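Structure file upload-v2.csv (CSV, C-alpha atoms) follows.
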```csv
chain,number,residue,atom,x,y,z
A,28,MET,CA,-8.9,-35.4,29.2
A,29,ASN,CA,-12.6,-35.0,28.7
A,30,MET,CA,-14.2,-34.2,25.4
A,31,LYS,CA,-14.9,-30.5,26.4
A,32,ASN,CA,-11.3,-29.9,27.3
A,33,LEU,CA,-10.1,-31.6,24.1
A,34,LEU,CA,-12.4,-29.4,21.9
A,35,VAL,CA,-11.2,-26.2,23.8
A,36,SER,CA,-7.5,-27.2,23.3
A,37,LEU,CA,-8.1,-27.9,19.6
A,38,LEU,CA,-9.9,-24.6,19.1
A,39,ILE,CA,-7.1,-22.7,20.8
A,40,ALA,CA,-4.5,-24.5,18.7
A,41,LEU,CA,-6.4,-23.8,15.5
A,42,ILE,CA,-6.9,-20.1,16.4
A,43,SER,CA,-3.3,-19.7,17.5
A,44,GLY,CA,-2.0,-21.4,14.3
A,45,CYS,CA,-3.8,-19.0,12.0
A,46,GLY,CA,-2.1,-16.0,13.4
A,47,LEU,CA,-5.2,-14.3,14.8
A,48,PHE,CA,-3.3,-13.4,18.1
A,49,PHE,CA,0.0,-12.6,16.4
A,50,PRO,CA,-0.6,-9.8,14.0
A,51,ASP,CA,1.9,-9.1,11.2
A,52,THR,CA,4.4,-6.3,11.8
A,53,PRO,CA,2.8,-3.2,10.3
A,54,GLU,CA,4.4,-1.9,7.1
A,55,ASP,CA,6.2,1.4,7.1
A,56,PRO,CA,3.8,3.8,5.4
A,57,GLN,CA,6.8,5.8,4.2
A,58,GLY,CA,8.5,2.8,2.6
A,59,ASP,CA,12.2,2.8,2.8
A,60,LYS,CA,12.3,6.6,3.5
A,61,ASN,CA,15.8,8.0,3.9
A,62,VAL,CA,16.0,9.5,7.4
A,63,ASP,CA,18.8,11.8,6.5
A,64,PRO,CA,18.4,13.0,2.8
A,65,PHE,CA,20.5,16.1,3.6
A,66,SER,CA,23.4,14.1,5.0
A,67,PHE,CA,23.6,16.0,8.3
A,68,LYS,CA,25.3,13.0,9.8
A,69,GLU,CA,28.3,13.8,7.6
A,70,ILE,CA,28.8,17.0,9.7
A,71,LEU,CA,30.3,14.8,12.4
A,72,GLU,CA,32.0,12.3,10.1
A,73,TYR,CA,35.5,13.3,11.3
A,74,ASN,CA,34.7,12.9,15.0
A,75,ASN,CA,34.2,9.9,17.4
A,76,ASP,CA,30.8,11.4,18.3
A,77,GLN,CA,27.9,11.3,15.9
A,78,PHE,CA,24.3,12.4,15.5
A,79,ASP,CA,21.7,9.6,16.1
A,80,PHE,CA,18.3,10.8,15.1
A,81,GLU,CA,15.2,9.4,13.5
A,82,ASP,CA,13.7,12.7,12.4
A,83,TYR,CA,15.1,16.2,11.8
A,84,TYR,CA,12.9,17.5,14.6
A,85,TYR,CA,15.2,15.8,17.0
A,86,LEU,CA,18.4,17.0,15.3
A,87,PHE,CA,17.8,20.6,16.1
A,88,HIS,CA,17.6,22.0,19.7
A,89,GLU,CA,14.4,23.7,20.8
A,90,SER,CA,16.1,27.1,21.0
A,91,PHE,CA,17.8,26.5,17.6
A,92,ILE,CA,18.8,29.6,15.6
A,93,TYR,CA,19.6,29.7,11.8
A,94,VAL,CA,21.5,32.8,10.8
A,95,ASP,CA,21.9,34.0,7.2
A,96,PRO,CA,24.7,36.2,5.7
A,97,ASN,CA,22.8,39.4,6.6
A,98,LEU,CA,22.6,38.1,10.3
A,99,ASN,CA,18.8,37.6,10.1
A,100,GLU,CA,17.8,34.9,12.5
A,101,TYR,CA,15.2,32.1,12.0
A,102,SER,CA,13.7,29.5,14.3
A,103,LYS,CA,13.7,25.8,14.3
A,104,THR,CA,10.2,25.8,13.0
A,105,LYS,CA,11.1,28.0,10.0
A,106,LEU,CA,14.1,25.8,9.1
A,107,LEU,CA,12.1,22.5,9.4
A,108,SER,CA,9.5,24.0,7.1
A,109,ARG,CA,12.1,24.7,4.5
A,110,LEU,CA,13.6,21.3,4.9
A,111,GLY,CA,10.1,19.8,4.4
A,112,THR,CA,9.7,21.9,1.2
A,113,ILE,CA,13.0,20.7,-0.1
A,114,GLU,CA,12.1,17.1,0.6
A,115,SER,CA,8.8,17.4,-1.2
A,116,GLU,CA,10.4,19.0,-4.2
A,117,TYR,CA,13.6,17.1,-4.6
A,118,ILE,CA,13.4,13.9,-2.7
A,119,GLY,CA,10.7,11.7,-4.2
A,120,ASP,CA,9.0,8.8,-2.5
A,121,LEU,CA,8.5,7.0,-5.8
A,122,GLU,CA,11.1,8.8,-7.9
A,123,GLU,CA,14.9,9.1,-7.7
A,124,ASP,CA,16.1,12.0,-5.5
A,125,THR,CA,17.2,15.0,-7.6
A,126,ILE,CA,19.6,16.4,-5.1
A,127,ILE,CA,22.7,15.2,-3.4
A,128,VAL,CA,24.2,17.0,-0.4
A,129,ASN,CA,27.8,16.5,0.7
A,130,TRP,CA,29.4,18.1,3.8
A,131,PHE,CA,33.2,18.4,4.4
A,132,LEU,CA,35.7,20.2,6.6
A,133,VAL,CA,36.7,23.6,5.1
A,134,ASP,CA,40.2,23.1,6.6
A,135,PRO,CA,40.8,19.3,6.7
A,136,THR,CA,43.9,19.9,8.9
A,137,SER,CA,41.9,21.5,11.7
A,138,ASP,CA,40.3,19.7,14.6
A,139,ASP,CA,37.0,20.1,16.2
A,140,PRO,CA,37.0,21.0,19.9
A,141,TYR,CA,36.6,18.3,22.6
A,142,PHE,CA,33.0,17.2,22.8
A,143,ASP,CA,32.3,18.3,26.4
A,144,LYS,CA,28.7,17.4,27.1
A,145,GLU,CA,28.4,20.2,29.7
A,146,ARG,CA,29.2,23.0,27.2
A,147,VAL,CA,28.0,24.4,23.8
A,148,ILE,CA,30.8,23.6,21.3
A,149,THR,CA,31.5,25.3,18.0
A,150,LEU,CA,32.6,23.1,15.2
A,151,GLN,CA,35.2,24.0,12.6
A,152,PRO,CA,33.4,25.4,9.6
A,153,ARG,CA,31.8,22.8,7.2
A,154,GLY,CA,31.5,23.4,3.5
A,155,TYR,CA,28.7,21.9,1.6
A,156,LYS,CA,28.0,21.1,-2.0
A,157,ILE,CA,24.5,20.5,-3.2
A,158,ILE,CA,24.2,18.9,-6.6
A,159,GLU,CA,20.8,19.3,-8.3
A,160,MET,CA,20.1,16.8,-11.1
A,161,LYS,CA,18.0,18.3,-13.8
A,162,ASN,CA,17.6,15.6,-16.6
A,163,ASP,CA,20.0,13.7,-18.8
A,164,SER,CA,20.4,16.6,-21.3
A,165,ILE,CA,21.1,19.4,-18.8
A,166,PRO,CA,24.2,19.4,-16.6
A,167,PRO,CA,23.6,19.4,-12.9
A,168,ASP,CA,23.6,22.7,-10.9
A,169,THR,CA,25.9,22.9,-8.0
A,170,LEU,CA,25.3,25.1,-5.1
A,171,THR,CA,28.0,25.6,-2.4
A,172,GLY,CA,28.2,27.2,0.9
A,173,GLU,CA,29.9,27.3,4.2
A,174,ALA,CA,28.3,26.6,7.6
A,175,THR,CA,29.3,27.2,11.2
A,176,PHE,CA,27.5,24.9,13.7
A,177,LYS,CA,27.2,25.0,17.4
A,178,LEU,CA,26.2,21.8,19.1
A,179,ARG,CA,25.0,21.0,22.6
A,180,TYR,CA,24.3,17.7,24.3
A,181,ASP,CA,20.6,17.3,25.0
A,182,LYS,CA,20.3,15.3,28.2
A,183,VAL,CA,16.6,14.5,27.6
A,184,ILE,CA,17.1,12.7,24.3
A,185,GLN,CA,20.7,11.8,25.2
A,186,ASP,CA,22.3,13.0,22.0
A,187,TRP,CA,24.1,15.8,20.3
A,188,VAL,CA,21.8,18.4,18.7
A,189,ILE,CA,22.4,21.5,16.6
A,190,SER,CA,21.6,24.7,18.4
A,191,TYR,CA,23.0,27.3,15.9
A,192,TRP,CA,23.7,27.3,12.2
A,193,LYS,CA,25.3,30.3,10.4
A,194,ASP,CA,25.0,29.6,6.6
A,195,VAL,CA,26.9,31.6,4.0
A,196,PRO,CA,26.6,30.7,0.3
A,197,THR,CA,29.9,30.9,-1.5
A,198,ASP,CA,28.5,32.8,-4.5
A,199,GLY,CA,27.7,35.8,-2.3
A,200,SER,CA,23.9,35.3,-2.5
A,201,PRO,CA,21.9,36.6,0.5
A,202,LYS,CA,20.1,33.3,0.8
A,203,SER,CA,21.4,29.7,0.6
A,204,PHE,CA,19.5,26.7,-0.7
A,205,PHE,CA,18.7,25.9,3.0
A,206,HIS,CA,17.5,29.4,3.8
A,207,PRO,CA,14.0,29.4,5.4
A,208,GLU,CA,12.9,32.0,2.9
A,209,PHE,CA,14.6,30.7,-0.2
```
Before anything else, please render the file you have as structure tokens.
Amino acid sequence: MNMKNLLVSLLIALISGCGLFFPDTPEDPQGDKNVDPFSFKEILEYNNDQFDFEDYYYLFHESFIYVDPNLNEYSKTKLLSRLGTIESEYIGDLEEDTIIVNWFLVDPTSDDPYFDKERVITLQPRGYKIIEMKNDSIPPDTLTGEATFKLRYDKVIQDWVISYWKDVPTDGSPKSFFHPEF
């Protein structure tokens, strides 16, 4: 090997060894952000199927409709805006989350329909409990409600998505905690 080839080989080895051509994996700017702080994955906890999403945008179908107790309808955009507001108020990046959301079957003896990917399916009603932590001296607030969901299989993203959500607070309020105009 001549001197020129030896120098080129040494230079390549030196540059390669310092990691110049192998950048570090970029850090997640969100840190360890919880992808599902509202526990929507629990909605399908009792089924073999499950939601698999990285962002709430992909959990709701493009033609999604949210319906309140007065039968007012709201779009996916309105609901996502509300979820974003809740996240910024109750789910801190540097602080502990101040809400916990739990979903459960209203009638645990009932079964959901067969998950036919060619049809829209209506799940058995789900109850929810939202526990809002105040501080150590104030007991937590608990908000409850009942939701009816319709799901469809989205062939583009190859996953189940929510296409309809009727939300009724159990205390008779016209707007639940999730309501787009809460």
In Å, with one decimal, what is the gap from atom CA of A:Phe87 to atom CA of A:Ile189?
4.7 Å
Quick one: residues within 9 Å of A:Phe176, all atoms listed in the file, excluding same-chain residues fewer than 6 positions away - as JSON, numbers by chain?
{"A": [70, 148, 149, 150, 151, 152, 153, 189, 190, 191, 192, 193, 194]}
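If you look at atom CA of A:Leu107 and atom CA of A:Ser200, they are 21.1 Å away from each other.
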Would you mind listing, for every residue of stretch 151-205 of chain A within 12 Å of stretch 90-102 of chain A, the two atoms forming the shortest contact and the distance between them in Å to one decimal, using all atoms listed in the file, sorted by chain and ascending residue number, as JSON lines?
```
{"residue": "A:Gly172", "atom": "CA", "partner": "A:Pro96", "partner_atom": "CA", "distance": 10.8}
{"residue": "A:Glu173", "atom": "CA", "partner": "A:Pro96", "partner_atom": "CA", "distance": 10.4}
{"residue": "A:Ala174", "atom": "CA", "partner": "A:Val94", "partner_atom": "CA", "distance": 9.7}
{"residue": "A:Thr175", "atom": "CA", "partner": "A:Val94", "partner_atom": "CA", "distance": 9.6}
{"residue": "A:Phe176", "atom": "CA", "partner": "A:Tyr93", "partner_atom": "CA", "distance": 9.4}
{"residue": "A:Lys177", "atom": "CA", "partner": "A:Phe91", "partner_atom": "CA", "distance": 9.5}
{"residue": "A:Leu178", "atom": "CA", "partner": "A:Phe91", "partner_atom": "CA", "distance": 9.7}
{"residue": "A:Arg179", "atom": "CA", "partner": "A:Phe91", "partner_atom": "CA", "distance": 10.3}
{"residue": "A:Asp181", "atom": "CA", "partner": "A:Ser90", "partner_atom": "CA", "distance": 11.5}
{"residue": "A:Val188", "atom": "CA", "partner": "A:Phe91", "partner_atom": "CA", "distance": 9.1}
{"residue": "A:Ile189", "atom": "CA", "partner": "A:Phe91", "partner_atom": "CA", "distance": 6.9}
{"residue": "A:Ser190", "atom": "CA", "partner": "A:Phe91", "partner_atom": "CA", "distance": 4.3}
{"residue": "A:Tyr191", "atom": "CA", "partner": "A:Ile92", "partner_atom": "CA", "distance": 4.8}
{"residue": "A:Trp192", "atom": "CA", "partner": "A:Tyr93", "partner_atom": "CA", "distance": 4.8}
{"residue": "A:Lys193", "atom": "CA", "partner": "A:Val94", "partner_atom": "CA", "distance": 4.6}
{"residue": "A:Asp194", "atom": "CA", "partner": "A:Asp95", "partner_atom": "CA", "distance": 5.4}
{"residue": "A:Val195", "atom": "CA", "partner": "A:Pro96", "partner_atom": "CA", "distance": 5.4}
{"residue": "A:Pro196", "atom": "CA", "partner": "A:Pro96", "partner_atom": "CA", "distance": 7.9}
{"residue": "A:Thr197", "atom": "CA", "partner": "A:Pro96", "partner_atom": "CA", "distance": 10.3}
{"residue": "A:Asp198", "atom": "CA", "partner": "A:Pro96", "partner_atom": "CA", "distance": 11.4}
{"residue": "A:Gly199", "atom": "CA", "partner": "A:Pro96", "partner_atom": "CA", "distance": 8.6}
{"residue": "A:Ser200", "atom": "CA", "partner": "A:Pro96", "partner_atom": "CA", "distance": 8.3}
{"residue": "A:Pro201", "atom": "CA", "partner": "A:Pro96", "partner_atom": "CA", "distance": 5.9}
{"residue": "A:Lys202", "atom": "CA", "partner": "A:Asp95", "partner_atom": "CA", "distance": 6.7}
{"residue": "A:Ser203", "atom": "CA", "partner": "A:Asp95", "partner_atom": "CA", "distance": 7.9}
{"residue": "A:Phe204", "atom": "CA", "partner": "A:Asp95", "partner_atom": "CA", "distance": 11.0}
{"residue": "A:Phe205", "atom": "CA", "partner": "A:Tyr93", "partner_atom": "CA", "distance": 9.6}
```
Shell of 9 Å around A:Thr125, all atoms listed in the file, local chain residues under 5 positions omitted, as a PyMOL selection string:
chain A and resi 116-119+158-161
Would you mind telling me which residue in A:Asp139, A:Ile157, A:Thr171, A:Glu123 lies nearest to A:Asn75 when using all atoms listed in the file?
A:Asp139
Between atom CA of A:Trp187 and atom CA of A:Pro64, what is the distance in Å, rounded to a tenth?
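Atom CA of A:Pro64 lies 18.6 Å from atom CA of A:Trp187.
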Using only C-alpha atoms: which of A:Lys105, A:Ile184, A:Tyr155, A:Asn74 has the shortest distance to A:Phe142
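Closest candidate: A:Asn74.
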Residues within 9 Å of A:Arg109, all atoms listed in the file, excluding chain neighbours under 5 positions, as an NGL selection string
:A and (104 or 114 or 205-209)
Distance criterion (only C-alpha atoms): nearest to A:Val133 out of A:Asn61, A:Thr169, A:Gly154, A:Lys182:
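Ranked by minimum distance to A:Val133, first place goes to A:Gly154.
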Quick one: residues within 10 Å of A:Asp82, all atoms listed in the file counted, chain neighbours fewer than 2 positions away excluded, as a list in words?
Asn61, Val62, Asp63, Asp79, Phe80, Tyr84, Tyr85, Leu86 and Phe87 of chain A
Serialized selection, C-alpha atoms, as an mmCIF file, keeping the file's coordinate frame:
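Now in result.cif:
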```cif
data_model
loop_
_atom_site.group_PDB
_atom_site.id
_atom_site.type_symbol
_atom_site.label_atom_id
_atom_site.label_comp_id
_atom_site.auth_asym_id
_atom_site.auth_seq_id
_atom_site.Cartn_x
_atom_site.Cartn_y
_atom_site.Cartn_z
ATOM 1 C CA ASN A 61 15.800 8.000 3.900
ATOM 2 C CA VAL A 62 16.000 9.500 7.400
ATOM 3 C CA ASP A 63 18.800 11.800 6.500
ATOM 4 C CA ASP A 79 21.700 9.600 16.100
ATOM 5 C CA PHE A 80 18.300 10.800 15.100
ATOM 6 C CA TYR A 84 12.900 17.500 14.600
ATOM 7 C CA TYR A 85 15.200 15.800 17.000
ATOM 8 C CA LEU A 86 18.400 17.000 15.300
ATOM 9 C CA PHE A 87 17.800 20.600 16.100
#
```
With distances taken over all atoms listed in the file, which residue among A:Ile126, A:His88, A:Phe67, A:Val183 lies nearest A:Asp168?
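Of all the options, A:Ile126 lies closest to A:Asp168.
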